[in-house]
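Have a look at query_35.csv; it's CSV, C-alpha atoms:
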```
chain,number,residue,atom,x,y,z
A,1,MET,CA,96.7,88.6,14.0
A,2,LEU,CA,97.8,85.6,16.0
A,3,GLN,CA,95.4,82.7,16.7
A,4,HIS,CA,94.3,82.1,20.3
A,5,SER,CA,96.7,79.2,20.7
A,6,SER,CA,99.7,81.3,19.5
A,7,LEU,CA,98.7,84.2,21.8
A,8,ASP,CA,98.6,81.6,24.6
A,9,GLN,CA,102.1,80.5,23.8
A,10,VAL,CA,103.5,84.1,23.4
A,11,PHE,CA,102.1,85.2,26.8
A,12,HIS,CA,103.4,81.9,28.3
A,13,ALA,CA,106.8,82.6,26.9
A,14,LEU,CA,106.8,86.1,28.3
A,15,ALA,CA,105.8,84.9,31.8
A,16,ASP,CA,109.4,84.2,32.6
A,17,PRO,CA,112.0,86.9,33.5
A,18,THR,CA,114.9,85.1,31.7
A,19,ARG,CA,112.9,84.8,28.5
A,20,ARG,CA,111.8,88.4,28.7
A,21,ALA,CA,115.4,89.4,29.1
A,22,MET,CA,116.3,87.4,26.1
A,23,VAL,CA,113.6,89.0,24.0
A,24,GLU,CA,114.8,92.5,25.2
A,25,ARG,CA,118.4,91.6,24.2
A,26,LEU,CA,117.2,90.5,20.7
A,27,THR,CA,115.4,93.8,20.0
A,28,SER,CA,118.8,95.2,19.2
A,29,GLY,CA,119.5,92.4,16.7
A,30,PRO,CA,120.3,88.7,16.2
A,31,VAL,CA,123.0,87.1,18.3
A,32,SER,CA,124.6,83.7,18.7
A,33,VAL,CA,123.2,81.3,21.3
A,34,SER,CA,126.4,81.7,23.4
A,35,GLU,CA,126.2,85.5,23.3
A,36,LEU,CA,122.5,85.3,24.3
A,37,ALA,CA,123.4,82.9,27.1
A,38,ALA,CA,126.3,85.0,28.4
A,39,PRO,CA,124.5,87.3,30.9
A,40,PHE,CA,122.7,84.3,32.6
A,41,ALA,CA,124.0,82.2,35.4
A,42,MET,CA,122.7,79.0,34.0
A,43,SER,CA,123.8,76.0,31.9
A,44,LEU,CA,123.8,76.2,28.1
A,45,SER,CA,121.2,73.4,28.2
A,46,ALA,CA,118.8,75.5,30.3
A,47,VAL,CA,119.4,78.4,28.0
A,48,GLY,CA,118.6,76.0,25.1
A,49,GLN,CA,115.3,75.1,26.6
A,50,HIS,CA,114.3,78.8,27.0
A,51,ILE,CA,115.2,79.4,23.4
A,52,GLN,CA,113.3,76.4,22.3
A,53,LEU,CA,110.2,77.6,24.1
A,54,LEU,CA,110.6,81.1,22.6
A,55,GLU,CA,111.0,79.5,19.2
A,56,SER,CA,107.9,77.3,19.5
A,57,SER,CA,105.9,80.4,20.6
A,58,GLY,CA,106.9,82.1,17.4
A,59,LEU,CA,108.7,85.0,19.2
A,60,VAL,CA,112.2,84.0,17.8
A,61,ARG,CA,113.6,82.0,15.0
A,62,THR,CA,117.0,80.3,15.0
A,63,ALA,CA,119.4,79.5,12.1
A,64,LYS,CA,122.6,77.6,12.0
A,65,VAL,CA,125.4,79.2,9.9
A,66,GLY,CA,128.5,76.9,9.9
A,67,ARG,CA,129.0,75.9,13.5
A,68,VAL,CA,127.2,78.9,15.1
A,69,ARG,CA,123.4,78.9,15.8
A,70,SER,CA,122.0,82.4,15.8
A,71,VAL,CA,118.8,83.6,17.3
A,72,GLU,CA,116.6,86.4,15.9
A,73,LEU,CA,113.5,88.1,17.1
A,74,VAL,CA,110.2,87.7,15.1
A,75,PRO,CA,108.7,91.2,15.6
A,76,ALA,CA,105.3,90.3,14.2
A,77,ALA,CA,104.7,87.9,17.1
A,78,LEU,CA,105.5,90.6,19.7
A,79,ALA,CA,103.4,93.1,17.8
A,80,SER,CA,100.4,90.8,17.8
A,81,ALA,CA,100.6,90.3,21.5
A,82,GLU,CA,100.9,94.0,22.1
A,83,ASP,CA,97.9,94.4,19.7
A,84,TRP,CA,95.8,92.4,22.3
A,85,PHE,CA,96.3,95.2,24.8
A,86,THR,CA,95.8,98.0,22.2
A,87,ARG,CA,92.4,96.6,21.2
A,88,HIS,CA,91.1,96.7,24.7
A,89,ARG,CA,93.0,99.8,25.9
A,90,SER,CA,90.3,102.5,25.3
A,91,ARG,CA,87.9,100.9,27.7
A,92,TRP,CA,90.3,100.3,30.5
A,93,GLU,CA,91.9,103.7,30.0
A,94,GLN,CA,88.7,105.3,31.2
A,95,ARG,CA,89.1,103.2,34.3
A,96,LEU,CA,92.8,104.3,34.7
A,97,ASP,CA,91.7,107.9,34.4
A,98,ALA,CA,89.3,107.4,37.2
A,99,LEU,CA,92.0,105.8,39.3
A,100,GLY,CA,94.4,108.7,38.5
A,101,ALA,CA,91.8,111.2,39.6
A,102,LEU,CA,91.5,109.2,42.9
A,103,LEU,CA,95.3,109.1,43.4
A,104,GLU,CA,95.6,112.9,42.8
A,105,GLU,CA,93.3,113.7,45.6
A,106,PRO,CA,95.5,115.2,48.4
A,107,GLU,CA,96.1,112.8,51.3
A,108,GLU,CA,95.0,113.8,54.8
A,109,ASN,CA,98.5,114.5,56.2
A,110,GLU,CA,99.8,116.1,53.0
A,111,VAL,CA,100.4,119.8,52.9
A,112,PRO,CA,99.7,121.0,49.5
A,113,THR,CA,102.5,122.9,47.9
A,114,PRO,CA,101.6,126.6,47.6
A,115,PRO,CA,101.9,128.1,44.1
A,116,ARG,CA,105.1,130.1,43.7
A,117,ARG,CA,104.7,133.8,43.3
A,118,LYS,CA,106.7,135.6,40.7
A,119,ARG,CA,109.0,138.4,42.1
B,1,MET,CA,105.9,99.6,37.3
B,2,LEU,CA,105.2,96.0,38.2
B,3,GLN,CA,108.0,93.9,39.8
B,4,HIS,CA,109.4,91.0,37.8
B,5,SER,CA,107.3,88.4,39.7
B,6,SER,CA,104.1,90.4,39.2
B,7,LEU,CA,104.8,90.7,35.4
B,8,ASP,CA,105.4,86.9,35.4
B,9,GLN,CA,102.0,86.3,37.0
B,10,VAL,CA,100.2,88.8,34.7
B,11,PHE,CA,101.6,87.2,31.5
B,12,HIS,CA,100.9,83.8,32.9
B,13,ALA,CA,97.3,84.8,33.7
B,14,LEU,CA,96.9,86.1,30.1
B,15,ALA,CA,98.3,82.9,28.6
B,16,ASP,CA,94.8,81.3,28.7
B,17,PRO,CA,91.9,82.2,26.3
B,18,THR,CA,89.3,81.9,29.1
B,19,ARG,CA,91.1,84.3,31.3
B,20,ARG,CA,91.7,86.7,28.5
B,21,ALA,CA,88.0,86.6,27.6
B,22,MET,CA,87.2,87.4,31.2
B,23,VAL,CA,89.6,90.4,31.2
B,24,GLU,CA,88.0,91.6,28.0
B,25,ARG,CA,84.6,91.3,29.5
B,26,LEU,CA,85.7,93.3,32.6
B,27,THR,CA,87.0,96.2,30.5
B,28,SER,CA,83.4,97.3,30.3
B,29,GLY,CA,82.9,97.3,34.0
B,30,PRO,CA,82.6,95.1,37.1
B,31,VAL,CA,80.2,92.1,37.0
B,32,SER,CA,79.1,89.3,39.4
B,33,VAL,CA,80.9,86.0,39.3
B,34,SER,CA,77.8,84.3,37.8
B,35,GLU,CA,77.6,87.0,35.0
B,36,LEU,CA,81.3,86.5,34.3
B,37,ALA,CA,80.8,82.7,34.2
B,38,ALA,CA,77.7,82.8,31.9
B,39,PRO,CA,79.4,82.7,28.5
B,40,PHE,CA,81.7,79.7,29.4
B,41,ALA,CA,80.8,76.1,29.2
B,42,MET,CA,82.5,75.2,32.5
B,43,SER,CA,81.6,74.6,36.1
B,44,LEU,CA,81.4,77.5,38.5
B,45,SER,CA,84.3,75.8,40.4
B,46,ALA,CA,86.5,76.0,37.2
B,47,VAL,CA,85.5,79.6,36.7
B,48,GLY,CA,86.4,80.3,40.3
B,49,GLN,CA,89.9,78.9,39.8
B,50,HIS,CA,90.4,81.2,36.8
B,51,ILE,CA,89.2,84.2,38.8
B,52,GLN,CA,91.5,83.2,41.7
B,53,LEU,CA,94.5,83.1,39.4
B,54,LEU,CA,93.5,86.5,37.8
B,55,GLU,CA,93.2,87.9,41.3
B,56,SER,CA,96.5,86.6,42.5
B,57,SER,CA,98.2,88.1,39.4
B,58,GLY,CA,96.7,91.5,40.4
B,59,LEU,CA,94.6,91.8,37.2
B,60,VAL,CA,91.3,91.8,39.0
B,61,ARG,CA,90.0,92.3,42.5
B,62,THR,CA,86.8,90.8,43.9
B,63,ALA,CA,84.5,92.0,46.6
B,64,LYS,CA,81.5,90.4,48.3
B,65,VAL,CA,78.4,92.6,48.6
B,66,GLY,CA,75.7,90.8,50.5
B,67,ARG,CA,75.5,87.4,48.8
B,68,VAL,CA,77.0,88.4,45.5
B,69,ARG,CA,80.7,88.4,44.8
B,70,SER,CA,81.6,90.9,42.1
B,71,VAL,CA,84.8,91.0,40.0
B,72,GLU,CA,86.5,94.2,38.8
B,73,LEU,CA,89.4,94.9,36.6
B,74,VAL,CA,92.6,96.5,38.0
B,75,PRO,CA,93.7,98.5,35.0
B,76,ALA,CA,97.1,99.4,36.4
B,77,ALA,CA,98.2,95.8,36.2
B,78,LEU,CA,97.2,95.6,32.5
B,79,ALA,CA,98.8,98.9,31.8
B,80,SER,CA,102.1,97.8,33.4
B,81,ALA,CA,102.1,94.7,31.2
B,82,GLU,CA,101.4,96.7,28.1
B,83,ASP,CA,104.2,99.1,29.2
B,84,TRP,CA,106.7,96.2,28.9
B,85,PHE,CA,105.9,96.1,25.1
B,86,THR,CA,105.9,99.9,24.8
B,87,ARG,CA,109.4,100.2,26.3
B,88,HIS,CA,110.9,97.8,23.8
B,89,ARG,CA,108.8,98.7,20.8
B,90,SER,CA,111.0,101.4,19.1
B,91,ARG,CA,113.8,98.9,18.6
B,92,TRP,CA,111.6,96.1,17.2
B,93,GLU,CA,109.6,98.5,15.1
B,94,GLN,CA,112.8,99.2,13.1
B,95,ARG,CA,112.8,95.5,12.4
B,96,LEU,CA,109.1,95.5,11.4
B,97,ASP,CA,109.9,98.4,9.0
B,98,ALA,CA,112.7,96.4,7.5
B,99,LEU,CA,110.4,93.4,7.2
B,100,GLY,CA,107.8,95.6,5.5
B,101,ALA,CA,110.3,96.9,3.1
B,102,LEU,CA,111.3,93.4,2.2
B,103,LEU,CA,107.6,92.4,1.6
B,104,GLU,CA,107.1,95.5,-0.6
B,105,GLU,CA,110.0,94.5,-2.9
B,106,PRO,CA,108.6,93.7,-6.4
B,107,GLU,CA,107.9,90.0,-7.0
B,108,GLU,CA,109.6,88.2,-9.8
B,109,ASN,CA,106.7,88.5,-12.2
B,110,GLU,CA,106.0,92.2,-11.3
B,111,VAL,CA,107.3,94.8,-13.8
B,112,PRO,CA,109.1,97.5,-11.8
B,113,THR,CA,108.1,101.0,-12.5
B,114,PRO,CA,110.9,102.7,-14.4
B,115,PRO,CA,112.1,106.0,-12.9
B,116,ARG,CA,110.6,109.0,-14.5
B,117,ARG,CA,112.9,111.3,-16.4
B,118,LYS,CA,112.5,115.0,-16.2
B,119,ARG,CA,111.8,116.6,-19.5
```
So that I can check it, write out the structure of this file as structure tokens.
Amino acid sequence: MLQHSSLDQVFHALADPTRRAMVERLTSGPVSVSELAAPFAMSLSAVGQHIQLLESSGLVRTAKVGRVRSVELVPAALASAEDWFTRHRSRWEQRLDALGALLEEPEENEVPTPPRRKR
Amino acid sequence: MLQHSSLDQVFHALADPTRRAMVERLTSGPVSVSELAAPFAMSLSAVGQHIQLLESSGLVRTAKVGRVRSVELVPAALASAEDWFTRHRSRWEQRLDALGALLEEPEENEVPTPPRRKR
């Protein structure tokens, strides 16, 4: 399990849409920095800063092979962050169930669909 | 599903150990602000700022009943954040499996079990 500080960094890293998109891209495998940068309308330097923050959070690791730097996901870091939710889910699920029951109550103006009869 | 900006705010809210501890506490039910503040060695004003940030992220809502302000979890916001992990899990799980297989490889000093021959 990740320490508090690591979990802080992982959640901080994920609090940005560009970095989440990068992580999503990396779930299908390692890519070069330039491949990872391609979909984003930003400078390579800005992309580099995002990658650096992802790396310091432990979510990705990078490696230089020849002249190409590749970026790879570290699944254990993602799994540990998800684990935080899993550990507390059972309690809040009871609350979601209660919310669901509330949402399923027919609204005032809503005409309930009559059940179909078989012919 | 939460919009990008909301997911940004939820992950940002969770990137702090005090706020995560508050959310964990709230999974067992609503409490007053002073009850929520009790375990933390910080001023009520600092606690108030954490609660405000949690509220603007959509993770909690507050309500004032008489002279007491109570804080309640909004489970849907937590569930949406967890959903981000769930949607990308299958891909990175394959990578975790690969990592697991790697870790299970016999170490140098370990004598591998020879394959059994059928008699």
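Taking atom CA of A:Ala15 as the reference point, atom CA of B:Ala81 is found at 10.5 Å.
Coordinates place atom CA of B:Glu82 at a distance of 28.2 Å from atom CA of A:Ser32.
Coordinates place atom CA of A:Val10 at a distance of 29.0 Å from atom CA of B:Glu105.
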(request) Find the residues in chain A near chain B: any atom within 6 Å counts, using all atoms listed in the file. Write them as a PyMOL selection string. (result) chain A and resi 8+11-12+15-16+27+75+91-92+96
(request) Point out the residue among B:Ala77, B:Ala46, B:Ala37, B:Val71 with the least atom-to-atom distance to B:Gly58, counting only C-alpha atoms. (result) B:Ala77
(message) List as a ChimeraX atom specification the protein and nucleic acid residues near A:Val31, meaning an atom at most 7 Å away when all atoms listed in the file are counted, but skip any in the same chain fewer than 5 places from it.
(response) /A:36,70-72
